[in-house]
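Shown next: input-v2.pdb, containing PDB, C-alpha atoms.
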ATOM      1  CA  MET A  28     -68.539 -54.944  64.696
ATOM      2  CA  PRO A  29     -69.724 -51.300  64.687
ATOM      3  CA  SER A  30     -71.875 -50.224  61.741
ATOM      4  CA  LEU A  31     -70.983 -47.292  59.474
ATOM      5  CA  HIS A  32     -73.636 -45.139  61.130
ATOM      6  CA  ALA A  33     -72.509 -46.056  64.647
ATOM      7  CA  LEU A  34     -69.104 -44.595  63.720
ATOM      8  CA  ALA A  35     -70.756 -41.314  62.683
ATOM      9  CA  ASN A  36     -70.212 -40.109  66.238
ATOM     10  CA  PRO A  37     -66.606 -38.773  66.335
ATOM     11  CA  ALA A  38     -66.259 -39.616  70.049
ATOM     12  CA  ARG A  39     -67.239 -43.232  69.370
ATOM     13  CA  PHE A  40     -64.927 -43.355  66.370
ATOM     14  CA  LEU A  41     -62.001 -42.041  68.449
ATOM     15  CA  LYS A  42     -62.709 -44.620  71.171
ATOM     16  CA  ILE A  43     -62.072 -47.327  68.561
ATOM     17  CA  ALA A  44     -59.334 -45.520  66.568
ATOM     18  CA  ARG A  45     -57.042 -44.793  69.557
ATOM     19  CA  PRO A  46     -56.298 -48.443  70.489
ATOM     20  CA  LEU A  47     -56.510 -49.601  66.855
ATOM     21  CA  THR A  48     -53.793 -47.220  65.555
ATOM     22  CA  PRO A  49     -50.774 -48.809  67.349
ATOM     23  CA  VAL A  50     -52.098 -52.333  66.655
ATOM     24  CA  LEU A  51     -52.246 -51.663  62.894
ATOM     25  CA  PHE A  52     -48.907 -49.828  62.954
ATOM     26  CA  TRP A  53     -46.930 -52.566  64.717
ATOM     27  CA  ALA A  54     -48.654 -55.429  62.877
ATOM     28  CA  GLY A  55     -47.849 -53.681  59.578
ATOM     29  CA  THR A  56     -44.228 -52.984  60.562
ATOM     30  CA  LEU A  57     -43.645 -56.606  61.637
ATOM     31  CA  LEU A  58     -45.210 -58.028  58.460
ATOM     32  CA  ILE A  59     -43.158 -55.661  56.257
ATOM     33  CA  ALA A  60     -39.942 -56.682  58.074
ATOM     34  CA  LEU A  61     -40.863 -60.355  57.585
ATOM     35  CA  GLY A  62     -41.776 -59.767  53.931
ATOM     36  CA  CYS A  63     -38.489 -57.912  53.220
ATOM     37  CA  TRP A  64     -36.466 -60.731  54.791
ATOM     38  CA  ALA A  65     -38.391 -63.360  52.813
ATOM     39  CA  GLY A  66     -38.381 -61.397  49.557
ATOM     40  CA  LEU A  67     -34.685 -60.554  49.668
ATOM     41  CA  THR A  68     -33.257 -63.825  50.990
ATOM     42  CA  ARG A  69     -35.726 -66.739  50.809
ATOM     43  CA  THR A  70     -36.964 -66.697  47.197
ATOM     44  CA  PRO A  71     -35.107 -67.757  44.035
ATOM     45  CA  PRO A  72     -34.254 -65.266  41.245
ATOM     46  CA  ASP A  73     -36.563 -65.273  38.219
ATOM     47  CA  TYR A  74     -35.296 -67.217  35.182
ATOM     48  CA  LEU A  75     -35.746 -64.148  32.943
ATOM     49  CA  GLN A  76     -35.534 -61.060  35.181
ATOM     50  CA  GLY A  77     -33.000 -62.456  37.656
ATOM     51  CA  GLU A  78     -32.703 -60.652  41.006
ATOM     52  CA  THR A  79     -34.674 -57.560  39.900
ATOM     53  CA  VAL A  80     -37.898 -59.571  40.303
ATOM     54  CA  ARG A  81     -37.552 -58.848  44.065
ATOM     55  CA  ILE A  82     -38.794 -55.292  43.372
ATOM     56  CA  LEU A  83     -42.191 -56.978  42.811
ATOM     57  CA  TYR A  84     -42.677 -57.273  46.609
ATOM     58  CA  ILE A  85     -42.694 -53.488  47.082
ATOM     59  CA  HIS A  86     -43.940 -52.280  43.696
ATOM     60  CA  VAL A  87     -47.219 -54.266  43.775
ATOM     61  CA  PRO A  88     -48.222 -53.076  47.305
ATOM     62  CA  ALA A  89     -47.472 -49.469  46.253
ATOM     63  CA  ALA A  90     -49.714 -49.859  43.169
ATOM     64  CA  TRP A  91     -52.391 -51.646  45.259
ATOM     65  CA  LEU A  92     -52.481 -48.827  47.832
ATOM     66  CA  GLY A  93     -52.228 -46.038  45.249
ATOM     67  CA  MET A  94     -55.378 -47.378  43.565
ATOM     68  CA  GLY A  95     -56.978 -48.632  46.804
ATOM     69  CA  GLY A  96     -56.572 -45.175  48.312
ATOM     70  CA  TRP A  97     -58.636 -43.633  45.536
ATOM     71  CA  SER A  98     -61.284 -46.362  46.029
ATOM     72  CA  GLY A  99     -61.403 -45.264  49.688
ATOM     73  CA  ILE A 100     -61.871 -41.625  48.622
ATOM     74  CA  ALA A 101     -64.697 -42.695  46.259
ATOM     75  CA  LEU A 102     -66.476 -44.699  48.998
ATOM     76  CA  SER A 103     -66.107 -41.792  51.447
ATOM     77  CA  SER A 104     -67.478 -39.439  48.778
ATOM     78  CA  ILE A 105     -70.555 -41.663  48.360
ATOM     79  CA  ALA A 106     -71.006 -41.765  52.153
ATOM     80  CA  LEU A 107     -70.855 -37.955  52.233
ATOM     81  CA  LEU A 108     -73.146 -37.295  49.262
ATOM     82  CA  VAL A 109     -75.754 -39.995  50.049
ATOM     83  CA  TRP A 110     -75.803 -40.293  53.857
ATOM     84  CA  ARG A 111     -74.130 -37.020  54.905
ATOM     85  CA  HIS A 112     -71.819 -39.131  57.063
ATOM     86  CA  PRO A 113     -69.977 -36.576  59.248
ATOM     87  CA  LEU A 114     -66.665 -38.460  59.162
ATOM     88  CA  ALA A 115     -66.685 -39.114  55.410
ATOM     89  CA  ALA A 116     -65.009 -35.832  54.398
ATOM     90  CA  VAL A 117     -62.398 -36.315  57.162
ATOM     91  CA  ALA A 118     -61.716 -39.877  55.981
ATOM     92  CA  ALA A 119     -61.333 -38.802  52.338
ATOM     93  CA  ARG A 120     -58.934 -35.986  53.266
ATOM     94  CA  ALA A 121     -56.956 -38.379  55.499
ATOM     95  CA  ILE A 122     -56.626 -40.964  52.712
ATOM     96  CA  ALA A 123     -55.558 -38.499  49.983
ATOM     97  CA  LEU A 124     -51.957 -37.812  51.053
ATOM     98  CA  PRO A 125     -50.937 -41.444  51.753
ATOM     99  CA  GLY A 126     -52.698 -42.473  48.530
ATOM    100  CA  ALA A 127     -50.692 -39.880  46.574
ATOM    101  CA  VAL A 128     -47.444 -40.965  48.263
ATOM    102  CA  PHE A 129     -48.035 -44.644  47.384
ATOM    103  CA  ALA A 130     -48.966 -43.726  43.780
ATOM    104  CA  ALA A 131     -45.657 -41.822  43.567
ATOM    105  CA  LEU A 132     -43.764 -44.741  45.164
ATOM    106  CA  CYS A 133     -45.353 -47.078  42.611
ATOM    107  CA  LEU A 134     -44.074 -44.850  39.783
ATOM    108  CA  VAL A 135     -40.562 -44.535  41.260
ATOM    109  CA  THR A 136     -40.112 -48.234  42.118
ATOM    110  CA  GLY A 137     -41.521 -49.166  38.702
ATOM    111  CA  SER A 138     -39.056 -46.801  37.039
ATOM    112  CA  ILE A 139     -36.145 -48.352  38.993
ATOM    113  CA  TRP A 140     -37.414 -51.818  37.943
ATOM    114  CA  GLY A 141     -37.748 -50.682  34.314
ATOM    115  CA  ARG A 142     -34.142 -49.568  33.860
ATOM    116  CA  PRO A 143     -32.464 -53.025  34.177
ATOM    117  CA  THR A 144     -35.510 -54.905  32.780
ATOM    118  CA  TRP A 145     -36.609 -52.774  29.802
ATOM    119  CA  GLY A 146     -33.467 -50.658  29.414
ATOM    120  CA  THR A 147     -35.319 -47.410  30.112
ATOM    121  CA  TRP A 148     -36.425 -45.442  33.202
ATOM    122  CA  TRP A 149     -39.695 -44.289  31.622
ATOM    123  CA  GLN A 150     -41.995 -45.022  28.696
ATOM    124  CA  TRP A 151     -45.209 -43.165  27.836
ATOM    125  CA  ASP A 152     -47.227 -46.383  27.682
ATOM    126  CA  GLY A 153     -50.819 -46.906  28.869
ATOM    127  CA  ARG A 154     -50.107 -48.256  32.376
ATOM    128  CA  LEU A 155     -47.352 -45.807  33.323
ATOM    129  CA  THR A 156     -49.140 -42.758  31.924
ATOM    130  CA  SER A 157     -52.507 -43.602  33.544
ATOM    131  CA  MET A 158     -50.765 -44.155  36.908
ATOM    132  CA  LEU A 159     -48.999 -40.790  36.538
ATOM    133  CA  LEU A 160     -52.401 -39.209  35.816
ATOM    134  CA  LEU A 161     -53.772 -40.758  39.031
ATOM    135  CA  PHE A 162     -50.913 -39.123  40.969
ATOM    136  CA  PHE A 163     -51.763 -35.707  39.442
ATOM    137  CA  VAL A 164     -55.465 -36.249  40.231
ATOM    138  CA  TYR A 165     -54.498 -36.992  43.863
ATOM    139  CA  CYS A 166     -52.549 -33.694  43.973
ATOM    140  CA  ALA A 167     -55.545 -31.797  42.572
ATOM    141  CA  TYR A 168     -57.864 -33.485  45.108
ATOM    142  CA  ILE A 169     -55.585 -32.555  48.031
ATOM    143  CA  ALA A 170     -55.518 -28.894  46.920
ATOM    144  CA  LEU A 171     -59.300 -28.830  46.314
ATOM    145  CA  ALA A 172     -60.206 -30.500  49.639
ATOM    146  CA  ARG A 173     -57.905 -28.144  51.546
ATOM    147  CA  ALA A 174     -59.335 -25.053  49.829
ATOM    148  CA  ASP A 175     -62.880 -26.300  50.510
ATOM    149  CA  ALA A 176     -62.101 -26.903  54.205
ATOM    150  CA  ASP A 177     -60.393 -23.484  54.546
ATOM    151  CA  ARG A 178     -63.447 -21.622  53.243
ATOM    152  CA  GLY A 179     -65.801 -23.661  55.457
ATOM    153  CA  GLY A 180     -67.293 -25.725  52.616
ATOM    154  CA  ASP A 181     -69.433 -28.805  53.221
ATOM    155  CA  GLY A 182     -67.113 -31.138  51.266
ATOM    156  CA  ARG A 183     -69.531 -31.772  48.392
ATOM    157  CA  VAL A 184     -67.279 -30.319  45.672
ATOM    158  CA  PRO A 185     -64.251 -32.500  46.616
ATOM    159  CA  ALA A 186     -66.646 -35.479  46.953
ATOM    160  CA  LEU A 187     -67.889 -34.983  43.381
ATOM    161  CA  PHE A 188     -64.270 -34.708  42.216
ATOM    162  CA  GLY A 189     -63.481 -37.893  44.185
ATOM    163  CA  LEU A 190     -66.276 -39.751  42.384
ATOM    164  CA  ALA A 191     -65.278 -38.401  38.947
ATOM    165  CA  GLY A 192     -61.674 -39.533  39.504
ATOM    166  CA  THR A 193     -62.734 -43.176  39.838
ATOM    167  CA  VAL A 194     -62.923 -43.331  36.025
ATOM    168  CA  LEU A 195     -59.122 -43.678  36.112
ATOM    169  CA  LEU A 196     -59.189 -46.939  38.116
ATOM    170  CA  PRO A 197     -60.544 -49.248  35.353
ATOM    171  CA  ILE A 198     -58.335 -47.415  32.829
ATOM    172  CA  ILE A 199     -55.238 -48.263  34.924
ATOM    173  CA  ARG A 200     -56.442 -51.829  35.536
ATOM    174  CA  TYR A 201     -57.209 -52.645  31.889
ATOM    175  CA  SER A 202     -54.573 -50.430  30.200
ATOM    176  CA  VAL A 203     -52.293 -53.436  29.691
ATOM    177  CA  ILE A 204     -55.130 -55.279  27.903
ATOM    178  CA  TRP A 205     -56.569 -52.369  25.875
ATOM    179  CA  TRP A 206     -53.215 -51.098  24.576
ATOM    180  CA  ASN A 207     -50.050 -52.841  23.443
ATOM    181  CA  THR A 208     -47.830 -51.652  26.294
ATOM    182  CA  LEU A 209     -44.258 -52.188  27.427
ATOM    183  CA  HIS A 210     -45.638 -53.013  30.867
ATOM    184  CA  GLN A 211     -46.395 -56.711  31.268
ATOM    185  CA  GLY A 212     -49.970 -57.964  31.107
ATOM    186  CA  PRO A 213     -51.989 -58.911  34.201
ATOM    187  CA  SER A 214     -50.019 -61.620  36.042
ATOM    188  CA  ILE A 215     -51.638 -61.554  39.499
ATOM    189  CA  GLY A 216     -55.365 -62.146  40.015
ATOM    190  CA  LEU A 217     -57.509 -62.805  43.058
ATOM    191  CA  THR A 218     -57.742 -66.518  42.346
ATOM    192  CA  LYS A 219     -54.773 -67.342  40.108
ATOM    193  CA  SER A 220     -51.375 -66.045  39.070
ATOM    194  CA  THR A 221     -48.941 -66.700  36.236
ATOM    195  CA  ILE A 222     -46.028 -66.176  38.667
ATOM    196  CA  ASP A 223     -44.630 -69.341  40.255
ATOM    197  CA  GLY A 224     -45.574 -69.900  43.910
ATOM    198  CA  ALA A 225     -41.890 -70.172  44.906
ATOM    199  CA  ILE A 226     -41.457 -66.488  43.959
ATOM    200  CA  LEU A 227     -44.952 -65.229  44.808
ATOM    201  CA  TRP A 228     -45.396 -66.292  48.455
ATOM    202  CA  PRO A 229     -43.844 -63.207  50.208
ATOM    203  CA  LEU A 230     -46.155 -60.877  48.239
ATOM    204  CA  PRO A 231     -49.334 -61.452  50.358
ATOM    205  CA  ILE A 232     -47.235 -60.787  53.490
ATOM    206  CA  MET A 233     -46.037 -57.467  52.050
ATOM    207  CA  LEU A 234     -49.548 -56.564  50.808
ATOM    208  CA  ALA A 235     -50.987 -57.191  54.293
ATOM    209  CA  GLY A 236     -48.115 -55.332  55.990
ATOM    210  CA  PHE A 237     -48.323 -52.186  53.847
ATOM    211  CA  SER A 238     -52.157 -52.245  54.031
ATOM    212  CA  PHE A 239     -52.064 -52.340  57.852
ATOM    213  CA  LEU A 240     -49.515 -49.511  57.899
ATOM    214  CA  PHE A 241     -51.654 -47.527  55.445
ATOM    215  CA  GLY A 242     -54.634 -48.049  57.786
ATOM    216  CA  ALA A 243     -52.600 -46.810  60.772
ATOM    217  CA  ILE A 244     -51.455 -43.707  58.829
ATOM    218  CA  VAL A 245     -55.046 -42.915  57.762
ATOM    219  CA  LEU A 246     -56.265 -43.268  61.381
ATOM    220  CA  MET A 247     -53.457 -40.980  62.607
ATOM    221  CA  ARG A 248     -54.368 -38.376  59.990
ATOM    222  CA  MET A 249     -58.102 -38.655  60.820
ATOM    223  CA  ARG A 250     -57.351 -38.186  64.522
ATOM    224  CA  GLY A 251     -55.218 -35.132  63.694
ATOM    225  CA  LEU A 252     -57.905 -33.580  61.460
ATOM    226  CA  LEU A 253     -60.624 -34.207  64.093
ATOM    227  CA  ALA A 254     -58.468 -32.617  66.820
ATOM    228  CA  VAL A 255     -57.868 -29.526  64.640
ATOM    229  CA  ALA A 256     -61.615 -29.269  63.858
ATOM    230  CA  LYS A 257     -62.442 -29.552  67.575
ATOM    231  CA  ALA A 258     -59.924 -26.816  68.492
ATOM    232  CA  GLU A 259     -61.290 -24.518  65.745
ATOM    233  CA  ALA A 260     -64.891 -25.072  66.940
ATOM    234  CA  ARG A 261     -63.804 -24.182  70.493
ATOM    235  CA  MET A 262     -62.103 -20.986  69.232
ATOM    236  CA  ARG A 263     -65.272 -19.990  67.346
ATOM    237  CA  ARG A 264     -67.394 -20.547  70.480
ATOM    238  CA  MET A 265     -64.991 -18.431  72.567
ATOM    239  CA  ALA A 266     -65.010 -15.672  69.932
ATOM    240  CA  ARG A 267     -68.817 -15.455  70.212
ATOM    241  CA  ILE A 268     -68.744 -14.994  74.035
TER     242      ILE A 268
ATOM    243  CA  MET B   1     -25.730 -54.961  34.614
ATOM    244  CA  ASN B   2     -25.524 -55.632  38.370
ATOM    245  CA  PRO B   3     -29.174 -55.765  39.547
ATOM    246  CA  TRP B   4     -28.556 -55.307  43.280
ATOM    247  CA  PRO B   5     -28.100 -51.487  43.281
ATOM    248  CA  PHE B   6     -31.533 -51.251  41.602
ATOM    249  CA  VAL B   7     -33.125 -53.662  44.108
ATOM    250  CA  ALA B   8     -31.516 -51.874  47.086
ATOM    251  CA  GLY B   9     -32.498 -48.450  45.678
ATOM    252  CA  ALA B  10     -36.127 -49.477  45.159
ATOM    253  CA  TYR B  11     -36.399 -50.893  48.707
ATOM    254  CA  ALA B  12     -34.722 -47.783  50.177
ATOM    255  CA  VAL B  13     -37.152 -45.454  48.342
ATOM    256  CA  MET B  14     -40.212 -47.510  49.348
ATOM    257  CA  LEU B  15     -39.273 -48.053  53.006
ATOM    258  CA  GLY B  16     -37.903 -44.514  53.378
ATOM    259  CA  GLY B  17     -40.982 -42.937  51.812
ATOM    260  CA  THR B  18     -43.364 -45.010  53.947
ATOM    261  CA  GLY B  19     -41.323 -44.287  57.095
ATOM    262  CA  ILE B  20     -41.286 -40.519  56.481
ATOM    263  CA  LEU B  21     -45.049 -40.562  55.802
ATOM    264  CA  ALA B  22     -45.703 -42.470  59.055
ATOM    265  CA  ILE B  23     -43.479 -40.136  61.116
ATOM    266  CA  VAL B  24     -45.010 -36.960  59.614
ATOM    267  CA  SER B  25     -48.549 -38.316  60.232
ATOM    268  CA  TYR B  26     -47.686 -39.295  63.821
ATOM    269  CA  LEU B  27     -46.124 -35.901  64.652
ATOM    270  CA  ALA B  28     -49.060 -34.013  63.070
ATOM    271  CA  MET B  29     -51.520 -36.108  65.112
ATOM    272  CA  LYS B  30     -49.607 -35.571  68.373
ATOM    273  CA  ARG B  31     -49.337 -31.807  67.724
ATOM    274  CA  ALA B  32     -53.074 -31.545  66.976
ATOM    275  CA  GLU B  33     -54.168 -33.665  69.963
ATOM    276  CA  ARG B  34     -51.987 -31.736  72.440
TER     277      ARG B  34
END
Show how you would write the structure in this file as structure tokens.
Amino acid sequence: MPSLHALANPARFLKIARPLTPVLFWAGTLLIALGCWAGLTRTPPDYLQGETVRILYIHVPAAWLGMGGWSGIALSSIALLVWRHPLAAVAARAIALPGAVFAALCLVTGSIWGRPTWGTWWQWDGRLTSMLLLFFVYCAYIALARADADRGGDGRVPALFGLAGTVLLPIIRYSVIWWNTLHQGPSIGLTKSTIDGAILWPLPIMLAGFSFLFGAIVLMRMRGLLAVAKAEARMRRMARI
Amino acid sequence: MNPWPFVAGAYAVMLGGTGILAIVSYLAMKRAER
């Protein structure tokens, strides 16, 4: 297993990323197909929510990746600020767009779930509002990181913003405990769940599938950003001759 | 209220959004690496 510092060399990183990208993509696609089949046809309806409980299998992975994406940005920001890891800024920029998309998908699928379950598309409660804030913070990060890259910055300003934004993660996580919200309380933990196993079992398949696909998308975006940086460096060298 | 249009809509948004993101990322990578 290569260490973090061994991957600091972009050529070495690309040597690993090129074969890994299709593996993650196809493994993720297959697991998502399996999870959709299981979630839509092999599980019973919930005694209270009925068939709408099936939205769980896509809503939870979207929330997981929306928040996990920002954790990835925070870790990359630490790697940039502490170790000056040359790929950290590229990784953070590559994670930002898919993270924002999954945060938005979490909001939209949650809204579609809310209409038949709560009788409303939207409610300004703690969980929904904090997740919406995370989406806006993603948008601000994308704009800031792009502006920093365009003016030849070293990525420290977006990295500081990336670290500051992590304050939202515990707020989202504990919002359903701290405030009396319309959103249900925590029902899925790492070790136990209040949801019956007969309904829950396709969820880990979907979580793994969307996580693999997220990984493939981040690698594709990192490869694209590295190729653009390489082409720009070549142009600068040619301009000096 | 029939729940299936909501279930189908949520799956279509999620799978469509993820698919578009994957295609856009793939095309951007291929264009940059060319």
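Selection check: the ChimeraX specification (/A :<8) & /B on the shown file gives Met1, Pro3, Trp4, Phe6, Val7, Gly9, Ala10, Tyr11, Val13, Met14, Gly17, Leu21, Ala22, Ser25, Tyr26, Ala28, Met29, Lys30, Arg31, Ala32 and Glu33 of chain B.
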Create the file for the chosen residues now, containing C-alpha atoms and written as a JSON list (two decimals), in the coordinates of the input.
[["chain", "number", "residue", "atom", "x", "y", "z"],
["B", 1, "MET", "CA", -25.73, -54.96, 34.61],
["B", 3, "PRO", "CA", -29.17, -55.76, 39.55],
["B", 4, "TRP", "CA", -28.56, -55.31, 43.28],
["B", 6, "PHE", "CA", -31.53, -51.25, 41.60],
["B", 7, "VAL", "CA", -33.12, -53.66, 44.11],
["B", 9, "GLY", "CA", -32.50, -48.45, 45.68],
["B", 10, "ALA", "CA", -36.13, -49.48, 45.16],
["B", 11, "TYR", "CA", -36.40, -50.89, 48.71],
["B", 13, "VAL", "CA", -37.15, -45.45, 48.34],
["B", 14, "MET", "CA", -40.21, -47.51, 49.35],
["B", 17, "GLY", "CA", -40.98, -42.94, 51.81],
["B", 21, "LEU", "CA", -45.05, -40.56, 55.80],
["B", 22, "ALA", "CA", -45.70, -42.47, 59.06],
["B", 25, "SER", "CA", -48.55, -38.32, 60.23],
["B", 26, "TYR", "CA", -47.69, -39.30, 63.82],
["B", 28, "ALA", "CA", -49.06, -34.01, 63.07],
["B", 29, "MET", "CA", -51.52, -36.11, 65.11],
["B", 30, "LYS", "CA", -49.61, -35.57, 68.37],
["B", 31, "ARG", "CA", -49.34, -31.81, 67.72],
["B", 32, "ALA", "CA", -53.07, -31.54, 66.98],
["B", 33, "GLU", "CA", -54.17, -33.66, 69.96]]
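When all atoms listed in the file are used to measure the gap to A:Gly189, the shortest distance among A:Ala123, A:Val87, A:Ala54, A:Leu47 belongs to A:Ala123.
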d(atom CA of A:Ile215, atom CA of A:Ile122) in Å: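 Distance reported for this atom pair: 25.0 Å.
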Among the residues B:Leu15, B:Leu27, B:Ile20, B:Ala8, the one that comes closest to A:Met233 [using all atoms listed in the file]: B:Leu15
Pull out every residue that the PyMOL selection byres ((chain A and resi 200) around 12) matches in the shown coordinates and put them as a PyMOL selection string. chain A and resi 90-91+94-95+153-155+157-158+161+193-199+201-206+210-216
Output C-alpha atoms for every residue in that selection, as a compact mmCIF listing (two decimals), in the frame of the given file.
# COMPACT_ATOMS: atom_id res chain seq x y z
CA ALA A 90 -49.71 -49.86 43.17
CA TRP A 91 -52.39 -51.65 45.26
CA MET A 94 -55.38 -47.38 43.56
CA GLY A 95 -56.98 -48.63 46.80
CA GLY A 153 -50.82 -46.91 28.87
CA ARG A 154 -50.11 -48.26 32.38
CA LEU A 155 -47.35 -45.81 33.32
CA SER A 157 -52.51 -43.60 33.54
CA MET A 158 -50.76 -44.16 36.91
CA LEU A 161 -53.77 -40.76 39.03
CA THR A 193 -62.73 -43.18 39.84
CA VAL A 194 -62.92 -43.33 36.02
CA LEU A 195 -59.12 -43.68 36.11
CA LEU A 196 -59.19 -46.94 38.12
CA PRO A 197 -60.54 -49.25 35.35
CA ILE A 198 -58.34 -47.42 32.83
CA ILE A 199 -55.24 -48.26 34.92
CA TYR A 201 -57.21 -52.64 31.89
CA SER A 202 -54.57 -50.43 30.20
CA VAL A 203 -52.29 -53.44 29.69
CA ILE A 204 -55.13 -55.28 27.90
CA TRP A 205 -56.57 -52.37 25.88
CA TRP A 206 -53.22 -51.10 24.58
CA HIS A 210 -45.64 -53.01 30.87
CA GLN A 211 -46.40 -56.71 31.27
CA GLY A 212 -49.97 -57.96 31.11
CA PRO A 213 -51.99 -58.91 34.20
CA SER A 214 -50.02 -61.62 36.04
CA ILE A 215 -51.64 -61.55 39.50
CA GLY A 216 -55.36 -62.15 40.02
What does the structure give for the distance between atom CA of A:Asn207 and atom CA of A:Gln150, in Å to one decimal? 12.4 Å
Can you tell me how far atom CA of A:Thr208 sits from atom CA of A:Trp228, in Å to one decimal? 26.7 Å
Could you pull the residues within 10 Å of A:Gly182, counting only C-alpha atoms, minus those fewer than 2 positions along the same chain, as a ChimeraX atom specification? /A:104,107-108,111,115-117,119-120,171-176,179-180,184-187
Hey, can I get the axis-aligned box for stretch 240-258 of chain A? All listed atoms, 4 Å padding on each side, centre and edge lengths in Å to one decimal, as JSON.
{"center_x": -56.0, "center_y": -38.2, "center_z": 62.0, "size_x": 20.9, "size_y": 30.7, "size_z": 21.0}
